[in-house]
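A.B. asks: Encoded as structure tokens, here's the structure I'll be asking about.
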Amino acid sequence: MVYQPIVSLQNGEILGWEALTRGPKDSYFLSPLVIFGFAEEVGLLFPVEKLCRELAINNVGYMESHQKLFLNIHPLTINDPQFVRGETSKLLAESHLHSANLVFEITERQSIHDFARFNKTLAHYRNQGYRVAVDDAGAGFSSLQAIAEVRPDFIKIDCSLIRDINTNRVKKALLETLVTFTQKIGCSIIAEGIETEAELATLHSIGVQYGQGYFLARPGYPKPPVNVEALNKIHSLSSRNPTGVWQKAFPIGDITEPAIMVSVETPVRHLKELLDSNELINGVVITNNNRPVGLVMRHHLDRYLGTQYGVALYFERPVSCIMDIDPLMVDISLPIEQVSQLSMNRDKLKLYDYIVVTREGQLYGVVSVQILLDTMTKIRMEVAKGANPLTGLPGNLTIEGEINNRLSEISPSACIYIDLDNFKSYNDRYGFENGDRLILLAARLLSSVVKKYGDPQAFAGHIGGDDFIVLCHRDLAEEICRRYIRYFDRLVKGLYSSEDQVRGGFFGLNRQGQENWFPLVSVSMAIVDCAGHCSPEGLAEKTAQLKHYAKTKLGSIYVWDRRKNEFSS
């Protein structure tokens with residue numbers, strides 16, 4: 001088994017890996033098409049796929065809790081009597097994974113003849129928390145029908161539609177339509193077979209969420225990282241998109257309320273009694289071993305029982321016969337903004353239904369549409385009041401509050417002051433629009449680094465102009481600075497002309513009108529301890545001293561006042 005990363009085209013993070021089967025090198029059976037084609041001919045498809053699933057899960061190694069392992073499943077596998085006996089769950093447990101880590105890729109290169117039976121098997125796995133992807137969309141049989149019937153969480157676009165998309169306006173228009181379509185049904189697109197920088201740039205501009213291909217990384221074992229060239233390109237594209245304003249992502253888990261739940265065997269009569277006894281409950285989540293499998297809202301129940309024979313037909317039957325088997329279910333980490341979009345794109349009859357929130361596939365709670373909209377309004381008002389209008393990062397009012405909180409805390413915190421060197425000269429040479437792009441690059445990169453290498457309470461703010469601030473745990477300050485400098489120095493070159501990149505700078509006029517040499521924009525970072533033993537004035541004074549010291553040094557640098565008046569870098 002080899003693994004190929006599936007990468008976010010918006011921020012470069014790895015969503016997961018597709019497990020790919022390879023036969024012995026230099027043999028007839030090297031290609032997986034030959035392996036599975038032959039296995040199907042001789043009646044060994046089921047045991048071969050079972051073996052591949054076992055190898056893929058056992059060999060994948062460490063994965064973050066939110067990352068996915070994509071496994072290819074032949075449509076005929078639904079006829080395998082061994083496929084639904086819990087072996088996959090057992091394999092996952094042995095590898096310290098859970099069902100939310102697994103995505104079944106249903107290939108579209110083979111037609112699906114019995115959708116009713118096929119969906120019954122998928123429902124079994126979905127009820128346990130697994131996800132589903134339609135693979136090779138655009139290259140197989142009845143792709144649109146498969147998408148409509150299967151209702152996948154991911155749609156993987158075949159490489160034949162991705163090839164040369166940067167020069168093919170028909171393919172580009174088709175992908176743009178698919179992006180809009182997936183936003184309405186609440187799933188994501190994965191573009192397969194990305195082989196060039198130009199294809200990546202076009203897919204990013206269209207809004208395709210994820211990508212896979214040789215330009216990002218070739219399949220390998222152990223799991224390969226994303227190519228640095230591709231990662232730099234994604235970061236550069238994100239920094240040059242002025243409409244993609246970075247805002248703090250508030251997870252839906254923050255506003256989730258406890259859910260009333262009943263099991264799938266509960267009679268409708270008991271559910272009716274439960275709702276009648278408490279007028280404040282508008283809906284009930286239906287669970288199976290604490291995994292949400294359905295939802296019954298009060299108004300839907302009244303619609304069933306309000307018909308002429310409704311009570312006689314449903315009163316003694318289990319709630320599973322009337323529940324919505326496909327409610328909007330989201331993970332606690334999903335940003336509120338994204339959940340709001342998914343909620344508003346639902347069918348009109350479901351528009352005001354609860355949003356079911358899960359954690360690792362288990363029921364966590366529910367969110368009402370009213371609470372969601374109220375929270376969205378408050379967030380936007382706060383962002384509008386306190387955010388920097390260019391970068392969307394928290395502004396001075398929020399920064400002041402965060403600093404005061406840190407100064408009153410006992411835990412060891414640090415303040416990092418960030419200032420760009422030679423920014424004015426860059427602005428004068430390349431213009432204000434490119435200057436804004438440079439500020440956006442600095443802001444987006446800072447947010448990304450702080451999120452990845454800071455503590456959960458780490459904070460990034462935009463003081464104004466080319467000045468930023470980070471508040472984080474003291475032990476993580478140096479790592480944040482090191483990472484930020486490394487990435488910034490690499491990415492900032494992409495905002496210069498090729499000539500200036502080669503020369504490492506340019507000649508321009510200084511503030512006195514004299515010609516001077518200006519190197520590429522660099523970053524000066526000053527770290528100051530700020531927990532429990534200094535005032536806001538003292539913090540500002542120390543920061544100013546360190547910043548002045550850092551700016552006397554050439555190139556990107558961070559300095560830290562480790563003891564009383566000693567600078568170290």
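Convention: chains lettered A, B, ... in structure tokens order; per-chain residue numbering from 1; ligands numbered from 1 as shown.
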Could you give me, as a PDB file with N, CA and C atoms, in the first residue's frame, the residues within 8 Å of Gly464 of chain A, counting only C-alpha atoms and dropping anything in the same chain fewer than 2 positions from it?

C.D. replies:
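Contents of the output file result_26.pdb:
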ATOM      1  N   ASN A 388      -9.407  44.618  11.991  1.00  0.00           N
ATOM      2  CA  ASN A 388      -8.745  45.452  11.008  1.00  0.00           C
ATOM      3  C   ASN A 388      -9.457  45.279   9.667  1.00  0.00           C
ATOM      4  N   GLY A 395      -8.478  44.030  16.008  1.00  0.00           N
ATOM      5  CA  GLY A 395      -7.800  45.317  16.053  1.00  0.00           C
ATOM      6  C   GLY A 395      -7.453  45.744  17.463  1.00  0.00           C
ATOM      7  N   HIS A 462      -3.811  42.603  14.683  1.00  0.00           N
ATOM      8  CA  HIS A 462      -3.201  43.553  13.738  1.00  0.00           C
ATOM      9  C   HIS A 462      -3.282  44.950  14.351  1.00  0.00           C
ATOM     10  N   ASP A 466       2.016  47.859   9.180  1.00  0.00           N
ATOM     11  CA  ASP A 466       2.783  46.614   9.074  1.00  0.00           C
ATOM     12  C   ASP A 466       3.184  46.085  10.447  1.00  0.00           C
ATOM     13  N   ASP A 467       2.412  46.423  11.477  1.00  0.00           N
ATOM     14  CA  ASP A 467       2.689  45.985  12.843  1.00  0.00           C
ATOM     15  C   ASP A 467       1.629  44.982  13.305  1.00  0.00           C
ATOM     16  N   PHE A 468       2.093  43.868  13.873  1.00  0.00           N
ATOM     17  CA  PHE A 468       1.203  42.819  14.361  1.00  0.00           C
ATOM     18  C   PHE A 468       1.623  42.420  15.771  1.00  0.00           C
TER      19      PHE A 468
END

A.B. asks: Residues within 9 Å of segment 175-181 of chain A, please, as a PyMOL selection string. Count only C-alpha atoms; anything in the same chain fewer than 6 positions from it doesn't count.

C.D. replies: chain A and resi 157+161-162+187-189+203+206-209

A.B. asks: Between atom CA of Asp254 of chain A and atom CA of Ile332 of chain A, what is the distance in Å, rounded to a tenth?

C.D. replies: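 Interatomic distance, atom CA of Asp254 of chain A to atom CA of Ile332 of chain A: 7.9 Å.
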
A.B. asks: Could you tell me how far atom CA of Gly12 of chain A lies from atom CA of Glu197 of chain A, in Å and to one decimal?

C.D. replies: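 Pair atom CA of Gly12 of chain A / atom CA of Glu197 of chain A returns 13.8 Å.
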
A.B. asks: I'd like the interatomic distance between atom CA of Val48 of chain A and atom CA of Gln145 of chain A, to a tenth of an Å.

C.D. replies: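 Computing the Euclidean distance for atom CA of Val48 of chain A and atom CA of Gln145 of chain A yields 28.0 Å.
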
A.B. asks: What's around Ala443 of chain A at 9 Å? Count only C-alpha atoms, leave out sequence neighbours fewer than 3 positions away in its own chain, and write the answer as a PyMOL selection string.

C.D. replies: chain A and resi 239+246+391-393+438-440+446-448+460-462+468

A.B. asks: Just the selected residues (N, CA and C atoms), exported as a PDB file, in the first residue's frame, please.

C.D. replies:
ATOM      1  N   SER A 239      -2.539  34.476  -0.039  1.00  0.00           N
ATOM      2  CA  SER A 239      -2.161  35.821   0.411  1.00  0.00           C
ATOM      3  C   SER A 239      -2.525  36.881  -0.617  1.00  0.00           C
ATOM      4  N   TRP A 246      -9.236  36.964   6.397  1.00  0.00           N
ATOM      5  CA  TRP A 246      -9.069  36.024   7.496  1.00  0.00           C
ATOM      6  C   TRP A 246      -9.876  36.507   8.696  1.00  0.00           C
ATOM      7  N   THR A 391      -7.144  43.041   6.950  1.00  0.00           N
ATOM      8  CA  THR A 391      -6.781  41.650   7.218  1.00  0.00           C
ATOM      9  C   THR A 391      -7.874  40.861   7.919  1.00  0.00           C
ATOM     10  N   GLY A 392      -8.823  41.569   8.587  1.00  0.00           N
ATOM     11  CA  GLY A 392      -9.842  40.867   9.353  1.00  0.00           C
ATOM     12  C   GLY A 392      -9.356  40.384  10.698  1.00  0.00           C
ATOM     13  N   LEU A 393      -8.066  40.584  11.014  1.00  0.00           N
ATOM     14  CA  LEU A 393      -7.552  40.208  12.332  1.00  0.00           C
ATOM     15  C   LEU A 393      -8.085  41.172  13.393  1.00  0.00           C
ATOM     16  N   LEU A 438       1.047  42.323   0.415  1.00  0.00           N
ATOM     17  CA  LEU A 438       2.121  41.941   1.329  1.00  0.00           C
ATOM     18  C   LEU A 438       1.617  41.909   2.769  1.00  0.00           C
ATOM     19  N   ILE A 439       0.801  42.904   3.153  1.00  0.00           N
ATOM     20  CA  ILE A 439       0.228  42.911   4.502  1.00  0.00           C
ATOM     21  C   ILE A 439      -0.674  41.688   4.703  1.00  0.00           C
ATOM     22  N   LEU A 440      -1.476  41.360   3.672  1.00  0.00           N
ATOM     23  CA  LEU A 440      -2.343  40.181   3.765  1.00  0.00           C
ATOM     24  C   LEU A 440      -1.532  38.900   3.897  1.00  0.00           C
ATOM     25  N   LEU A 446       0.725  34.669   9.644  1.00  0.00           N
ATOM     26  CA  LEU A 446       0.777  34.756  11.102  1.00  0.00           C
ATOM     27  C   LEU A 446      -0.366  33.955  11.732  1.00  0.00           C
ATOM     28  N   SER A 447      -1.558  34.116  11.205  1.00  0.00           N
ATOM     29  CA  SER A 447      -2.705  33.366  11.732  1.00  0.00           C
ATOM     30  C   SER A 447      -2.477  31.868  11.610  1.00  0.00           C
ATOM     31  N   SER A 448      -1.962  31.441  10.465  1.00  0.00           N
ATOM     32  CA  SER A 448      -1.733  30.016  10.230  1.00  0.00           C
ATOM     33  C   SER A 448      -0.679  29.454  11.173  1.00  0.00           C
ATOM     34  N   ALA A 460      -3.672  36.308  17.813  1.00  0.00           N
ATOM     35  CA  ALA A 460      -2.952  37.114  16.831  1.00  0.00           C
ATOM     36  C   ALA A 460      -3.788  38.337  16.503  1.00  0.00           C
ATOM     37  N   GLY A 461      -3.174  39.522  16.525  1.00  0.00           N
ATOM     38  CA  GLY A 461      -3.888  40.757  16.227  1.00  0.00           C
ATOM     39  C   GLY A 461      -3.103  41.650  15.292  1.00  0.00           C
ATOM     40  N   HIS A 462      -3.811  42.603  14.683  1.00  0.00           N
ATOM     41  CA  HIS A 462      -3.201  43.553  13.738  1.00  0.00           C
ATOM     42  C   HIS A 462      -3.282  44.950  14.351  1.00  0.00           C
ATOM     43  N   PHE A 468       2.093  43.868  13.873  1.00  0.00           N
ATOM     44  CA  PHE A 468       1.203  42.819  14.361  1.00  0.00           C
ATOM     45  C   PHE A 468       1.623  42.420  15.771  1.00  0.00           C
TER      46      PHE A 468
END

A.B. asks: Near Val369 of chain A, within 10 Å and counting only C-alpha atoms, which residues show up once chain neighbours fewer than 3 positions away are dropped, as a ChimeraX atom specification?

C.D. replies: /A:340,343-344,351-355,366,372-375

A.B. asks: Using backbone DSSP assignments, extract all helix (DSSP H, G or I) residues from segment 161-383 of chain A; output them as an MDAnalysis selection string.

C.D. replies: chainID A and resid 161:162 169:185 197:206 228:239 252:255 268:277 298:305 310:314 319:321 336:344 348:350 369:383

A.B. asks: Would you mind exporting C-alpha atoms of the selected residues as an mmCIF file, in the first residue's frame?

C.D. replies:
data_model
loop_
_atom_site.group_PDB
_atom_site.id
_atom_site.type_symbol
_atom_site.label_atom_id
_atom_site.label_comp_id
_atom_site.auth_asym_id
_atom_site.auth_seq_id
_atom_site.Cartn_x
_atom_site.Cartn_y
_atom_site.Cartn_z
ATOM 1 C CA LEU A 161 -11.428 16.965 -16.319
ATOM 2 C CA ILE A 162 -8.514 18.548 -14.441
ATOM 3 C CA ARG A 169 -12.651 27.266 -20.669
ATOM 4 C CA VAL A 170 -15.274 24.506 -20.988
ATOM 5 C CA LYS A 171 -13.664 22.422 -18.239
ATOM 6 C CA LYS A 172 -13.279 25.530 -16.108
ATOM 7 C CA ALA A 173 -16.954 26.441 -16.513
ATOM 8 C CA LEU A 174 -17.961 22.874 -15.632
ATOM 9 C CA LEU A 175 -15.884 22.935 -12.428
ATOM 10 C CA GLU A 176 -17.303 26.337 -11.466
ATOM 11 C CA THR A 177 -20.799 24.877 -11.788
ATOM 12 C CA LEU A 178 -19.856 21.832 -9.702
ATOM 13 C CA VAL A 179 -18.414 24.044 -6.946
ATOM 14 C CA THR A 180 -21.714 25.943 -6.728
ATOM 15 C CA PHE A 181 -23.632 22.653 -6.786
ATOM 16 C CA THR A 182 -21.619 21.093 -3.931
ATOM 17 C CA GLN A 183 -22.082 24.195 -1.789
ATOM 18 C CA LYS A 184 -25.846 23.727 -2.102
ATOM 19 C CA ILE A 185 -25.815 20.039 -1.117
ATOM 20 C CA GLU A 197 1.289 24.895 -10.978
ATOM 21 C CA ALA A 198 -1.086 26.457 -13.521
ATOM 22 C CA GLU A 199 -3.749 23.783 -12.883
ATOM 23 C CA LEU A 200 -3.421 24.350 -9.139
ATOM 24 C CA ALA A 201 -3.788 28.129 -9.517
ATOM 25 C CA THR A 202 -6.907 27.770 -11.675
ATOM 26 C CA LEU A 203 -8.563 25.321 -9.269
ATOM 27 C CA HIS A 204 -7.787 27.653 -6.365
ATOM 28 C CA SER A 205 -9.355 30.601 -8.177
ATOM 29 C CA ILE A 206 -12.501 28.566 -8.944
ATOM 30 C CA VAL A 228 7.338 22.527 -0.643
ATOM 31 C CA GLU A 229 6.857 24.118 -4.076
ATOM 32 C CA ALA A 230 3.137 23.350 -4.053
ATOM 33 C CA LEU A 231 2.750 24.473 -0.446
ATOM 34 C CA ASN A 232 4.443 27.795 -1.214
ATOM 35 C CA LYS A 233 2.163 28.273 -4.210
ATOM 36 C CA ILE A 234 -0.982 27.667 -2.138
ATOM 37 C CA HIS A 235 0.163 30.116 0.550
ATOM 38 C CA SER A 236 1.081 32.677 -2.084
ATOM 39 C CA LEU A 237 -2.294 32.346 -3.818
ATOM 40 C CA SER A 238 -4.135 32.702 -0.520
ATOM 41 C CA SER A 239 -2.161 35.821 0.411
ATOM 42 C CA ILE A 252 -20.139 25.375 16.146
ATOM 43 C CA GLY A 253 -19.374 23.457 19.342
ATOM 44 C CA ASP A 254 -19.212 26.783 21.209
ATOM 45 C CA ILE A 255 -22.976 27.347 20.844
ATOM 46 C CA VAL A 268 -43.866 7.154 18.343
ATOM 47 C CA ARG A 269 -46.401 7.313 21.210
ATOM 48 C CA HIS A 270 -43.590 7.850 23.753
ATOM 49 C CA LEU A 271 -42.014 10.524 21.582
ATOM 50 C CA LYS A 272 -45.345 12.355 21.355
ATOM 51 C CA GLU A 273 -45.739 12.208 25.160
ATOM 52 C CA LEU A 274 -42.197 13.555 25.602
ATOM 53 C CA LEU A 275 -42.818 16.553 23.356
ATOM 54 C CA ASP A 276 -46.254 17.264 24.839
ATOM 55 C CA SER A 277 -44.795 17.330 28.365
ATOM 56 C CA ARG A 298 -42.183 18.668 16.527
ATOM 57 C CA HIS A 299 -43.773 20.101 13.366
ATOM 58 C CA HIS A 300 -42.841 17.030 11.311
ATOM 59 C CA LEU A 301 -44.341 14.717 13.934
ATOM 60 C CA ASP A 302 -47.557 16.764 13.945
ATOM 61 C CA ARG A 303 -47.682 16.478 10.154
ATOM 62 C CA TYR A 304 -47.512 12.662 10.345
ATOM 63 C CA LEU A 305 -50.056 12.303 13.154
ATOM 64 C CA GLY A 310 -51.917 9.135 11.243
ATOM 65 C CA VAL A 311 -52.359 8.029 14.846
ATOM 66 C CA ALA A 312 -53.553 4.547 13.879
ATOM 67 C CA LEU A 313 -50.711 4.126 11.383
ATOM 68 C CA TYR A 314 -47.764 5.397 13.430
ATOM 69 C CA VAL A 319 -39.671 6.375 15.594
ATOM 70 C CA SER A 320 -37.320 5.022 12.923
ATOM 71 C CA CYS A 321 -40.304 4.807 10.560
ATOM 72 C CA ILE A 336 -20.177 28.707 12.563
ATOM 73 C CA GLU A 337 -20.018 30.642 9.273
ATOM 74 C CA GLN A 338 -19.751 27.394 7.285
ATOM 75 C CA VAL A 339 -22.543 25.723 9.256
ATOM 76 C CA SER A 340 -24.737 28.740 8.555
ATOM 77 C CA GLN A 341 -24.196 28.332 4.809
ATOM 78 C CA LEU A 342 -24.993 24.595 4.959
ATOM 79 C CA SER A 343 -28.104 25.302 7.022
ATOM 80 C CA MET A 344 -29.489 27.897 4.625
ATOM 81 C CA LYS A 348 -37.224 24.359 2.509
ATOM 82 C CA LEU A 349 -39.066 21.780 4.612
ATOM 83 C CA LYS A 350 -35.925 21.332 6.749
ATOM 84 C CA VAL A 369 -31.465 28.014 13.601
ATOM 85 C CA GLN A 370 -32.480 30.894 15.874
ATOM 86 C CA ILE A 371 -29.368 30.507 18.067
ATOM 87 C CA LEU A 372 -27.206 30.142 14.955
ATOM 88 C CA LEU A 373 -28.517 33.343 13.338
ATOM 89 C CA ASP A 374 -28.318 35.299 16.600
ATOM 90 C CA THR A 375 -24.705 34.221 17.060
ATOM 91 C CA MET A 376 -23.797 35.057 13.473
ATOM 92 C CA THR A 377 -25.229 38.556 13.928
ATOM 93 C CA LYS A 378 -23.265 39.113 17.150
ATOM 94 C CA ILE A 379 -20.038 37.817 15.628
ATOM 95 C CA ARG A 380 -20.329 40.071 12.600
ATOM 96 C CA MET A 381 -21.065 43.088 14.780
ATOM 97 C CA GLU A 382 -18.043 42.367 16.975
ATOM 98 C CA VAL A 383 -15.805 41.721 13.981
#

A.B. asks: Got a sec to tell me which of segment 261-305 of chain A DSSP assigns to strand (DSSP E or B), as a list in words?

C.D. replies: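 DSSP on the backbone gives strand (DSSP E or B) at Met261, Val262, Ser263, Pro267, Gly283, Val284, Val285, Ile286, Thr287, Asn288, Arg291, Pro292, Val293, Gly294, Leu295, Val296 and Met297 of chain A.
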
A.B. asks: Write out as a list in words the residues lying within 9 Å of Ile147 of chain A, counting only C-alpha atoms and excluding same-chain residues fewer than 5 positions away.

C.D. replies: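 So the residues in contact are Val134, Ala137, Ser142, Pro152 and Ile155 of chain A.
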
A.B. asks: Include C-alpha atoms and write out the residues we just selected as a PDB file, in the first residue's frame.

C.D. replies:
ATOM      1  CA  VAL A 134     -17.848   9.267  -5.210  1.00  0.00           C
ATOM      2  CA  ALA A 137     -16.750  11.598 -11.233  1.00  0.00           C
ATOM      3  CA  SER A 142     -24.326   7.694 -14.718  1.00  0.00           C
ATOM      4  CA  PRO A 152     -21.657  11.715  -0.934  1.00  0.00           C
ATOM      5  CA  ILE A 155     -16.962  14.221  -4.922  1.00  0.00           C
TER       6      ILE A 155
END

A.B. asks: Set the distance at 8 Å and use only C-alpha atoms: which residues neighbour Tyr487 of chain A once local chain neighbours fewer than 4 positions away are removed? I'd like the list as JSON, numbers by chain.

C.D. replies: {"A": [445, 483, 491]}

A.B. asks: Which residues, written as a list of chain:residue names, have at least one atom at most 12 Å from Gly129 of chain A, with only C-alpha atoms counted and residues fewer than 4 positions away on the same chain left out?

C.D. replies: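 Counting only the stated atoms, we get A:Ser89, A:His98, A:Ser99, A:Ala100, A:Asn101, A:Leu102, A:Val103, A:Phe104, A:Leu122, A:Ala123, A:His124, A:Tyr125, A:Asp153, A:Thr287, A:Asn288, A:Asn289, A:Asn290, A:Arg291, A:Pro292, A:Val293, A:Met329, A:Val330, A:Asp331, A:Thr358, A:Arg359, A:Glu360, A:Gly361, A:Gln362, A:Leu363.
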
A.B. asks: Those same residues, written as a PDB file, in the first residue's frame with C-alpha atoms?

C.D. replies:
ATOM      1  CA  SER A  89     -14.439  -1.209  13.117  1.00  0.00           C
ATOM      2  CA  HIS A  98     -12.287   5.694  14.673  1.00  0.00           C
ATOM      3  CA  SER A  99     -15.017   5.626  12.049  1.00  0.00           C
ATOM      4  CA  ALA A 100     -14.834   9.407  11.474  1.00  0.00           C
ATOM      5  CA  ASN A 101     -11.290   8.853  10.111  1.00  0.00           C
ATOM      6  CA  LEU A 102     -12.510   6.628   7.270  1.00  0.00           C
ATOM      7  CA  VAL A 103     -13.948   7.603   3.884  1.00  0.00           C
ATOM      8  CA  PHE A 104     -15.164   4.925   1.469  1.00  0.00           C
ATOM      9  CA  LEU A 122     -23.989   2.636   2.878  1.00  0.00           C
ATOM     10  CA  ALA A 123     -26.637   3.539   5.457  1.00  0.00           C
ATOM     11  CA  HIS A 124     -25.239   0.829   7.732  1.00  0.00           C
ATOM     12  CA  TYR A 125     -21.805   2.473   7.629  1.00  0.00           C
ATOM     13  CA  ASP A 153     -19.634  13.773   1.538  1.00  0.00           C
ATOM     14  CA  THR A 287     -29.610   7.558  18.260  1.00  0.00           C
ATOM     15  CA  ASN A 288     -28.134   4.100  17.971  1.00  0.00           C
ATOM     16  CA  ASN A 289     -25.422   3.479  20.603  1.00  0.00           C
ATOM     17  CA  ASN A 290     -25.091   7.264  21.062  1.00  0.00           C
ATOM     18  CA  ARG A 291     -24.541   7.807  17.330  1.00  0.00           C
ATOM     19  CA  PRO A 292     -27.139  10.079  15.742  1.00  0.00           C
ATOM     20  CA  VAL A 293     -29.057   8.296  12.981  1.00  0.00           C
ATOM     21  CA  MET A 329     -24.967  16.743  10.952  1.00  0.00           C
ATOM     22  CA  VAL A 330     -21.678  18.590  11.532  1.00  0.00           C
ATOM     23  CA  ASP A 331     -18.568  18.106  13.653  1.00  0.00           C
ATOM     24  CA  THR A 358     -21.189  15.366  16.701  1.00  0.00           C
ATOM     25  CA  ARG A 359     -17.776  14.725  18.203  1.00  0.00           C
ATOM     26  CA  GLU A 360     -15.880  11.806  16.680  1.00  0.00           C
ATOM     27  CA  GLY A 361     -19.176  10.436  15.390  1.00  0.00           C
ATOM     28  CA  GLN A 362     -20.898  10.551  18.797  1.00  0.00           C
ATOM     29  CA  LEU A 363     -23.825  12.864  19.573  1.00  0.00           C
TER      30      LEU A 363
END

A.B. asks: Would you tabulate, counting only C-alpha atoms, all residues of segment 469-538 of chain A that have an atom at most 6 Å from an atom of segment 405-428 of chain A, showing the closest pair of atoms and their distance in Å to one decimal, sorted by chain then ascending number, as CSV?

C.D. replies:
residue,atom,partner,partner_atom,distance
A:Ile469,CA,A:Tyr417,CA,4.7
A:Val470,CA,A:Ile416,CA,4.9
A:Leu471,CA,A:Cys415,CA,4.7
A:Cys472,CA,A:Ala414,CA,5.6
A:His473,CA,A:Ser413,CA,4.4
A:Arg474,CA,A:Ser413,CA,4.6
A:Val521,CA,A:Asn422,CA,5.2
A:Ser522,CA,A:Asp421,CA,5.1
A:Val523,CA,A:Leu420,CA,4.6
A:Ser524,CA,A:Asp419,CA,5.3
A:Met525,CA,A:Ile418,CA,4.6
A:Ala526,CA,A:Tyr417,CA,5.1
A:Ile527,CA,A:Ile416,CA,4.5
A:Val528,CA,A:Cys415,CA,5.2
A:Asp529,CA,A:Ala414,CA,4.3
A:Cys530,CA,A:Ala414,CA,5.3
A:Ala531,CA,A:Leu407,CA,4.7
A:Gly532,CA,A:Leu407,CA,5.0
